[in-house]
$ cat protein.csv   # CSV, C-alpha atoms
chain,number,residue,atom,x,y,z
A,250,MET,CA,-7.2,-5.9,23.6
A,251,THR,CA,-3.7,-5.0,24.8
A,252,PRO,CA,-1.6,-3.4,22.1
A,253,ILE,CA,1.3,-5.5,20.9
A,254,GLU,CA,4.3,-3.2,21.0
A,255,ILE,CA,6.7,-2.4,18.1
A,256,THR,CA,10.1,-1.5,19.4
A,257,PRO,CA,13.4,-0.5,17.6
A,258,ASP,CA,14.8,-3.8,18.8
A,259,SER,CA,11.9,-5.8,17.2
A,260,ILE,CA,12.6,-4.0,13.9
A,261,HIS,CA,16.4,-4.3,14.0
A,262,ARG,CA,16.2,-8.0,14.8
A,263,LEU,CA,14.0,-8.8,11.7
A,264,PRO,CA,15.7,-11.4,9.5
A,265,ASN,CA,16.4,-10.8,5.8
A,266,VAL,CA,16.1,-7.0,6.0
A,267,GLU,CA,19.1,-5.2,4.5
A,268,TRP,CA,18.3,-1.5,4.3
A,269,LEU,CA,14.7,-0.6,5.2
A,270,GLY,CA,14.8,1.1,8.6
A,271,LYS,CA,18.5,0.1,9.2
A,272,GLU,CA,20.2,3.5,8.9
A,273,TRP,CA,17.3,5.7,10.2
A,274,LEU,CA,14.3,4.4,12.2
A,275,SER,CA,11.8,6.3,14.3
A,276,ILE,CA,8.8,5.0,16.3
A,277,VAL,CA,6.4,7.6,17.7
A,278,ASP,CA,3.3,7.3,19.8
A,279,GLU,CA,1.4,9.8,17.7
A,280,THR,CA,1.8,12.2,14.8
A,281,GLY,CA,-0.4,14.0,12.3
A,282,SER,CA,0.8,12.0,9.3
A,283,THR,CA,4.0,9.9,8.9
A,284,ASN,CA,4.0,10.8,5.2
A,285,ALA,CA,3.9,14.6,6.0
A,286,ASP,CA,6.7,14.2,8.5
A,287,LEU,CA,9.0,12.4,6.0
A,288,LEU,CA,8.1,14.8,3.2
A,289,GLN,CA,9.0,17.7,5.4
A,290,ASN,CA,12.3,16.3,6.6
A,291,GLY,CA,13.2,14.0,3.7
A,292,ALA,CA,16.0,16.1,2.2
A,293,ASP,CA,18.2,15.2,5.1
A,294,LEU,CA,17.1,11.5,5.5
A,295,PRO,CA,18.7,8.4,3.9
A,296,HIS,CA,17.2,6.0,1.5
A,297,GLY,CA,15.2,3.5,3.5
A,298,ALA,CA,14.4,5.8,6.4
A,299,LEU,CA,11.4,4.3,8.2
A,300,LEU,CA,8.9,6.1,10.5
A,301,ILE,CA,6.2,4.1,12.4
A,302,ALA,CA,3.4,5.7,14.4
A,303,ASP,CA,1.1,4.0,16.9
A,304,HIS,CA,-1.5,6.6,15.9
A,305,GLN,CA,-2.1,9.2,13.2
A,306,THR,CA,-4.5,12.1,13.7
A,307,ALA,CA,-4.4,13.3,10.1
A,308,GLY,CA,-3.6,10.2,8.0
A,309,ARG,CA,-4.7,10.3,4.4
A,310,GLY,CA,-5.0,7.9,1.6
A,311,ARG,CA,-5.3,8.5,-2.2
A,312,ARG,CA,-7.5,11.4,-3.3
A,313,GLU,CA,-7.3,12.9,0.2
A,314,ARG,CA,-9.5,10.3,1.8
A,315,ARG,CA,-9.1,10.0,5.6
A,316,TRP,CA,-7.4,6.8,6.8
A,317,PHE,CA,-9.0,5.3,9.9
A,318,GLY,CA,-6.7,3.4,12.3
A,319,LEU,CA,-6.9,2.7,16.1
A,320,PRO,CA,-4.0,3.6,18.4
A,321,GLY,CA,-1.7,0.6,19.0
A,322,ARG,CA,-3.9,-1.7,17.0
A,323,ASP,CA,-3.0,-1.3,13.3
A,324,LEU,CA,0.1,-0.6,11.3
A,325,LEU,CA,0.7,2.9,10.2
A,326,PHE,CA,4.1,3.7,8.7
A,327,SER,CA,6.0,5.5,6.0
A,328,PHE,CA,9.4,5.1,4.4
A,329,LEU,CA,11.6,7.1,2.1
A,330,LEU,CA,13.1,5.9,-1.2
A,331,ARG,CA,15.5,7.5,-3.6
A,332,PRO,CA,14.7,5.6,-6.9
A,333,ASP,CA,17.4,5.7,-9.6
A,334,VAL,CA,14.8,5.5,-12.4
A,335,ASP,CA,13.3,7.9,-14.9
A,336,ARG,CA,10.7,10.1,-13.3
A,337,GLU,CA,7.9,8.9,-15.6
A,338,ILE,CA,8.4,5.4,-14.1
A,339,ILE,CA,7.9,6.5,-10.5
A,340,PRO,CA,4.0,6.4,-10.4
A,341,SER,CA,4.2,2.7,-11.0
A,342,LEU,CA,6.0,2.2,-7.7
A,343,SER,CA,2.6,2.0,-6.0
A,344,LEU,CA,2.0,-1.3,-7.9
A,345,ALA,CA,5.2,-2.7,-6.4
A,346,ILE,CA,4.2,-1.6,-2.9
A,347,GLY,CA,0.7,-3.1,-3.4
A,348,LEU,CA,2.3,-6.4,-4.3
A,349,THR,CA,4.5,-6.2,-1.3
A,350,ALA,CA,1.5,-5.7,1.0
A,351,ALA,CA,-0.2,-8.6,-0.7
A,352,ASP,CA,2.9,-10.8,-0.2
A,353,ALA,CA,2.9,-10.0,3.5
A,354,ILE,CA,-0.9,-10.2,4.1
A,355,ARG,CA,-1.1,-13.5,2.3
A,356,GLN,CA,1.0,-15.1,5.1
A,357,PHE,CA,-2.1,-14.6,7.4
A,358,VAL,CA,-5.1,-14.9,5.1
A,359,GLY,CA,-3.9,-17.2,2.2
A,360,SER,CA,-5.7,-17.0,-1.1
A,361,ALA,CA,-8.3,-14.5,0.2
A,362,VAL,CA,-6.1,-11.6,-0.8
A,363,ARG,CA,-6.7,-9.6,-4.0
A,364,LEU,CA,-5.2,-6.5,-5.6
A,365,LYS,CA,-7.3,-3.6,-6.8
A,366,TRP,CA,-5.9,-1.0,-9.2
A,367,PRO,CA,-3.9,1.0,-8.6
A,368,ASN,CA,-2.7,0.1,-5.1
A,369,ASP,CA,-5.4,-1.2,-2.8
A,370,VAL,CA,-5.2,-4.6,-1.2
A,371,LEU,CA,-8.5,-6.5,-0.5
A,372,VAL,CA,-9.3,-9.5,1.7
A,373,ALA,CA,-12.6,-11.2,1.2
A,374,GLY,CA,-13.6,-8.3,-1.0
A,375,ARG,CA,-13.0,-5.6,1.6
A,376,LYS,CA,-10.1,-3.2,2.0
A,377,ILE,CA,-7.3,-4.2,4.4
A,378,CYS,CA,-4.5,-2.0,3.2
A,379,GLY,CA,-4.1,1.5,1.7
A,380,ILE,CA,-1.0,3.0,0.1
A,381,LEU,CA,0.0,6.5,-0.7
A,382,CYS,CA,3.1,7.4,-2.7
A,383,GLN,CA,4.2,11.1,-2.7
A,384,SER,CA,7.2,12.5,-4.5
A,385,SER,CA,9.4,15.4,-3.8
A,386,LEU,CA,11.1,16.8,-6.9
A,387,ALA,CA,13.6,19.0,-5.0
A,388,GLU,CA,17.3,19.1,-5.9
A,389,ASN,CA,17.7,15.6,-4.3
A,390,PRO,CA,14.5,13.9,-5.3
A,391,PHE,CA,12.8,11.2,-3.2
A,392,VAL,CA,9.6,9.4,-2.8
A,393,VAL,CA,7.7,8.8,0.5
A,394,VAL,CA,5.6,5.7,0.7
A,395,GLY,CA,2.8,5.6,3.3
A,396,VAL,CA,1.2,2.3,4.3
A,397,GLY,CA,-1.8,1.5,6.5
A,398,ILE,CA,-2.6,-2.1,7.3
A,399,ASN,CA,-5.6,-3.0,9.3
A,400,VAL,CA,-4.2,-5.5,11.8
A,401,ASN,CA,-6.1,-5.7,15.1
A,402,SER,CA,-8.9,-3.1,14.8
A,403,ARG,CA,-12.3,-4.8,14.7
A,404,ALA,CA,-15.4,-4.1,12.6
A,405,ASP,CA,-17.5,-2.9,15.5
A,406,GLU,CA,-14.9,-0.3,16.4
A,407,ARG,CA,-14.9,1.4,12.9
A,408,PRO,CA,-17.2,4.2,11.8
A,409,ALA,CA,-20.5,2.8,10.5
A,410,GLU,CA,-19.7,3.9,6.9
A,411,LEU,CA,-16.6,1.7,6.9
A,412,ARG,CA,-17.8,-1.5,8.5
A,413,SER,CA,-18.9,-3.1,5.2
A,414,LEU,CA,-15.9,-1.8,3.3
A,415,ALA,CA,-13.0,-2.6,5.5
A,416,ILE,CA,-11.5,-5.6,7.2
A,417,SER,CA,-8.5,-6.4,9.4
A,418,LEU,CA,-6.3,-9.4,9.9
A,419,ALA,CA,-8.0,-9.9,13.3
A,420,ASP,CA,-11.4,-9.8,11.7
A,421,PHE,CA,-10.4,-12.5,9.3
A,422,ALA,CA,-8.5,-14.7,11.7
A,423,ASN,CA,-10.8,-14.0,14.7
A,424,ALA,CA,-7.6,-13.6,16.7
A,425,ALA,CA,-5.1,-10.9,17.6
A,426,ILE,CA,-2.1,-10.7,15.2
A,427,PRO,CA,1.3,-9.4,16.5
A,428,ARG,CA,2.1,-6.3,14.5
A,429,PRO,CA,5.8,-7.0,14.4
A,430,ASP,CA,4.9,-10.3,12.7
A,431,VAL,CA,3.3,-8.3,9.8
A,432,LEU,CA,6.4,-6.1,9.5
A,433,ARG,CA,8.6,-9.2,9.6
A,434,HIS,CA,6.9,-10.2,6.3
A,435,PHE,CA,6.4,-6.8,4.8
A,436,LEU,CA,10.0,-5.3,5.1
A,437,PRO,CA,11.9,-8.1,3.3
A,438,ALA,CA,9.2,-8.5,0.7
A,439,CYS,CA,9.4,-4.7,0.0
A,440,GLU,CA,13.1,-4.8,-0.6
A,441,LYS,CA,12.6,-7.7,-3.1
A,442,ARG,CA,9.7,-6.0,-4.9
A,443,TYR,CA,11.6,-2.7,-5.0
A,444,ALA,CA,14.6,-4.4,-6.6
A,445,GLN,CA,12.2,-6.1,-9.1
A,446,TRP,CA,10.5,-2.8,-9.9
A,447,ARG,CA,13.9,-1.2,-10.6
A,448,THR,CA,15.2,-3.9,-12.9
A,449,ASP,CA,12.3,-6.1,-14.2
A,450,ARG,CA,9.1,-4.1,-14.2
A,451,ARG,CA,7.5,-6.2,-17.0
A,452,ARG,CA,7.7,-9.3,-14.8
A,453,LEU,CA,6.4,-7.4,-11.8
A,454,PHE,CA,3.5,-6.0,-13.8
A,455,ALA,CA,2.7,-9.6,-15.0
A,456,ASP,CA,2.6,-10.8,-11.4
A,457,TRP,CA,0.4,-7.8,-10.4
A,458,GLU,CA,-2.0,-8.7,-13.3
A,459,ARG,CA,-2.2,-12.3,-12.2
A,460,GLN,CA,-2.9,-11.4,-8.6
A,461,ALA,CA,-5.5,-8.8,-9.5
A,462,ASN,CA,-7.2,-11.2,-11.9
A,463,LEU,CA,-8.5,-8.2,-13.9
A,464,LYS,CA,-7.8,-9.3,-17.5
A,465,GLY,CA,-11.0,-9.7,-19.5
A,466,GLN,CA,-13.1,-8.5,-16.5
A,467,THR,CA,-15.9,-6.0,-16.9
A,468,ILE,CA,-15.1,-3.0,-14.7
A,469,THR,CA,-16.4,0.4,-13.7
A,470,VAL,CA,-14.0,3.3,-13.8
A,471,LYS,CA,-14.6,6.4,-11.8
A,472,ASP,CA,-12.4,9.5,-12.1
A,473,ASP,CA,-12.9,13.2,-11.4
A,474,GLU,CA,-14.7,13.8,-14.7
A,475,GLN,CA,-16.8,10.7,-15.5
A,476,THR,CA,-17.8,7.1,-14.8
A,477,PHE,CA,-17.8,4.5,-17.5
A,478,THR,CA,-17.9,0.7,-18.0
A,479,ALA,CA,-15.0,-1.1,-19.8
A,480,VAL,CA,-13.2,-4.4,-20.1
A,481,ALA,CA,-9.8,-4.5,-18.5
A,482,ILE,CA,-7.0,-5.5,-20.9
A,483,ALA,CA,-3.6,-5.1,-19.3
A,484,LEU,CA,-1.1,-2.8,-17.7
A,485,ASP,CA,1.1,-0.7,-20.0
A,486,ASP,CA,4.8,-0.2,-19.5
A,487,PHE,CA,4.2,2.6,-16.9
A,488,GLY,CA,1.6,0.7,-14.8
A,489,ASN,CA,-1.4,2.5,-16.3
A,490,LEU,CA,-4.5,0.4,-17.0
A,491,ILE,CA,-5.4,-0.3,-20.6
A,492,VAL,CA,-9.2,-0.9,-21.0
A,493,GLU,CA,-11.6,-1.3,-23.9
A,494,THR,CA,-14.9,0.6,-24.1
A,495,GLY,CA,-17.2,1.3,-27.0
A,496,GLY,CA,-14.9,-0.8,-29.3
A,497,GLN,CA,-11.9,1.4,-28.6
A,498,ARG,CA,-8.9,1.1,-26.2
A,499,ARG,CA,-8.1,3.9,-23.8
A,500,LEU,CA,-5.7,4.5,-20.9
A,501,VAL,CA,-6.7,4.8,-17.3
A,502,THR,CA,-4.1,6.8,-15.5
A,503,CYS,CA,-6.0,7.8,-12.3
A,504,GLY,CA,-9.3,7.2,-10.5
A,505,ASP,CA,-10.9,4.2,-9.0
A,506,VAL,CA,-11.7,0.8,-10.6
A,507,PHE,CA,-14.4,-1.6,-9.5
A,508,LEU,CA,-15.2,-5.1,-10.6
A,509,GLN,CA,-18.8,-5.8,-11.3
A,510,GLY,CA,-20.3,-6.8,-8.0
A,511,ASP,CA,-17.8,-4.9,-5.9

$ encode --input "protein.csv" --output "structure tokens"
Amino acid sequence: MTPIEITPDSIHRLPNVEWLGKEWLSIVDETGSTNADLLQNGADLPHGALLIADHQTAGRGRRERRWFGLPGRDLLFSFLLRPDVDREIIPSLSLAIGLTAADAIRQFVGSAVRLKWPNDVLVAGRKICGILCQSSLAENPFVVVGVGINVNSRADERPAELRSLAISLADFANAAIPRPDVLRHFLPACEKRYAQWRTDRRRLFADWERQANLKGQTITVKDDEQTFTAVAIALDDFGNLIVETGGQRRLVTCGDVFLQGD
């Protein structure tokens, strides 16, 4: 399969994008990690700086998990934000980016997309997108958001342990998807969701709850210390997950959440 190129011109010509990648944009053939690059250089970069890599050799997701992507086939990028919100709100940004990815991916897969707390995006029950938000609390604070979307990699090209867990747009559609087309949906959706996150988080959280379809579902929660079963109730005002277990409500602030049957 011939890689479908992403060029600066293809980004700059995207409609309805006001600031993401407009002032600072870099597209590289290969790097260790786009997140690490922006974290290292972020103090001198503007809000909306966008770095896209054809390949990452040390890409990571949440909890230091390795992210698998094939050169020239999938979307691997990071962007820098300077949120003007209280610091305790910043962890909930990952929910907004998850919604953004779902908005974009839905254009190609329809109703098969589902959100998984805190920020995974699933298609037909398998992971198609991973998101990693990392903050720098230096004198001029910023957040780097890393996104990996499986676009044109195919199941038989992935490591055996990922074949039943991951899916790509090409797997679902059984056809190649131009990567710039995915960015054409992602970037404007991100600007809209970011604005909503800044000004109307309660509505954004309600939208996330609807798309995740978690309320009232029996789930398994796994964190560093324990695994337990609970019933999902709602998101709190900071994007944490409220659950009920053993007749009591508790707050899930980290870890992994699985629906029964996942």

$ atom_distance --input "protein.csv" --atom1 "atom CA of A:Arg459" --atom2 "atom CA of A:Asp323"
27.8 Å

$ closest_residue --input "protein.csv" --among "A:Ala353, A:Cys439, A:Ala461, A:Ala285" --to "A:Leu381" --atoms "all atoms listed in the file"
A:Ala285

$ closest_residue --input "protein.csv" --among "A:Ala298, A:Leu418, A:Leu344, A:Ala387" --to "A:Ala361" --atoms "all atoms listed in the file"
A:Leu418

$ residues_around --input "protein.csv" --residues "A:Asp486" --least-positions-apart "5" --cutoff "10 Å" --atoms "all atoms listed in the file" --output "ChimeraX atom specification"
/A:338,341,450-451,454

$ write_last_selection --input "protein.csv" --atoms "C-alpha atoms" --output "PDB file, in the frame of the given file"
ATOM      1  CA  ILE A 338       8.400   5.400 -14.100  1.00  0.00           C
ATOM      2  CA  SER A 341       4.200   2.700 -11.000  1.00  0.00           C
ATOM      3  CA  ARG A 450       9.100  -4.100 -14.200  1.00  0.00           C
ATOM      4  CA  ARG A 451       7.500  -6.200 -17.000  1.00  0.00           C
ATOM      5  CA  PHE A 454       3.500  -6.000 -13.800  1.00  0.00           C
TER       6      PHE A 454
END

$ atom_distance --input "protein.csv" --atom1 "atom CA of A:Leu319" --atom2 "atom CA of A:Phe435"
19.9 Å

$ residues_around --input "protein.csv" --residues "A:Ser343" --least-positions-apart "5" --cutoff "12 Å" --atoms "only C-alpha atoms" --output "mmCIF file with C-alpha atoms, keeping the file's coordinate frame"
data_model
loop_
_atom_site.group_PDB
_atom_site.id
_atom_site.type_symbol
_atom_site.label_atom_id
_atom_site.label_comp_id
_atom_site.auth_asym_id
_atom_site.auth_seq_id
_atom_site.Cartn_x
_atom_site.Cartn_y
_atom_site.Cartn_z
ATOM 1 C CA ARG A 311 -5.300 8.500 -2.200
ATOM 2 C CA ILE A 338 8.400 5.400 -14.100
ATOM 3 C CA LEU A 348 2.300 -6.400 -4.300
ATOM 4 C CA THR A 349 4.500 -6.200 -1.300
ATOM 5 C CA ALA A 350 1.500 -5.700 1.000
ATOM 6 C CA LEU A 364 -5.200 -6.500 -5.600
ATOM 7 C CA LYS A 365 -7.300 -3.600 -6.800
ATOM 8 C CA TRP A 366 -5.900 -1.000 -9.200
ATOM 9 C CA PRO A 367 -3.900 1.000 -8.600
ATOM 10 C CA ASN A 368 -2.700 0.100 -5.100
ATOM 11 C CA ASP A 369 -5.400 -1.200 -2.800
ATOM 12 C CA VAL A 370 -5.200 -4.600 -1.200
ATOM 13 C CA GLY A 379 -4.100 1.500 1.700
ATOM 14 C CA ILE A 380 -1.000 3.000 0.100
ATOM 15 C CA LEU A 381 0.000 6.500 -0.700
ATOM 16 C CA CYS A 382 3.100 7.400 -2.700
ATOM 17 C CA GLN A 383 4.200 11.100 -2.700
ATOM 18 C CA SER A 384 7.200 12.500 -4.500
ATOM 19 C CA VAL A 392 9.600 9.400 -2.800
ATOM 20 C CA VAL A 393 7.700 8.800 0.500
ATOM 21 C CA VAL A 394 5.600 5.700 0.700
ATOM 22 C CA GLY A 395 2.800 5.600 3.300
ATOM 23 C CA VAL A 396 1.200 2.300 4.300
ATOM 24 C CA CYS A 439 9.400 -4.700 0.000
ATOM 25 C CA ARG A 442 9.700 -6.000 -4.900
ATOM 26 C CA TYR A 443 11.600 -2.700 -5.000
ATOM 27 C CA TRP A 446 10.500 -2.800 -9.900
ATOM 28 C CA LEU A 453 6.400 -7.400 -11.800
ATOM 29 C CA PHE A 454 3.500 -6.000 -13.800
ATOM 30 C CA TRP A 457 0.400 -7.800 -10.400
ATOM 31 C CA PHE A 487 4.200 2.600 -16.900
ATOM 32 C CA GLY A 488 1.600 0.700 -14.800
ATOM 33 C CA ASN A 489 -1.400 2.500 -16.300
#

$ residues_around --input "protein.csv" --residues "stretch 267-273 of chain A" --least-positions-apart "2" --cutoff "9 Å" --atoms "all atoms listed in the file" --output "ChimeraX atom specification"
/A:260-261,264-265,275,294-300,328-329,436-437,439-440

$ atom_distance --input "protein.csv" --atom1 "atom CA of A:Phe326" --atom2 "atom CA of A:Lys441"
18.5 Å

$ closest_residue --input "protein.csv" --among "A:Ala351, A:Ile301, A:Ala292, A:Ala404" --to "A:His434" --atoms "all atoms listed in the file"
A:Ala351

$ residues_near_point --input "protein.csv" --point "(-11.4, -2.4, 4.8)" --cutoff "6 Å" --atoms "only C-alpha atoms" --output "list in words"
Arg375, Lys376, Ile377, Leu414, Ala415 and Ile416 of chain A

$ residues_near_point --input "protein.csv" --point "(-15.3, 9.9, -19.1)" --cutoff "12 Å" --atoms "only C-alpha atoms" --output "PyMOL selection string"
chain A and resi 469-479+494-495+499-501+503-504

$ closest_residue --input "protein.csv" --among "A:Gly318, A:Gly347, A:Gly359, A:Pro390" --to "A:Arg331" --atoms "only C-alpha atoms"
A:Pro390
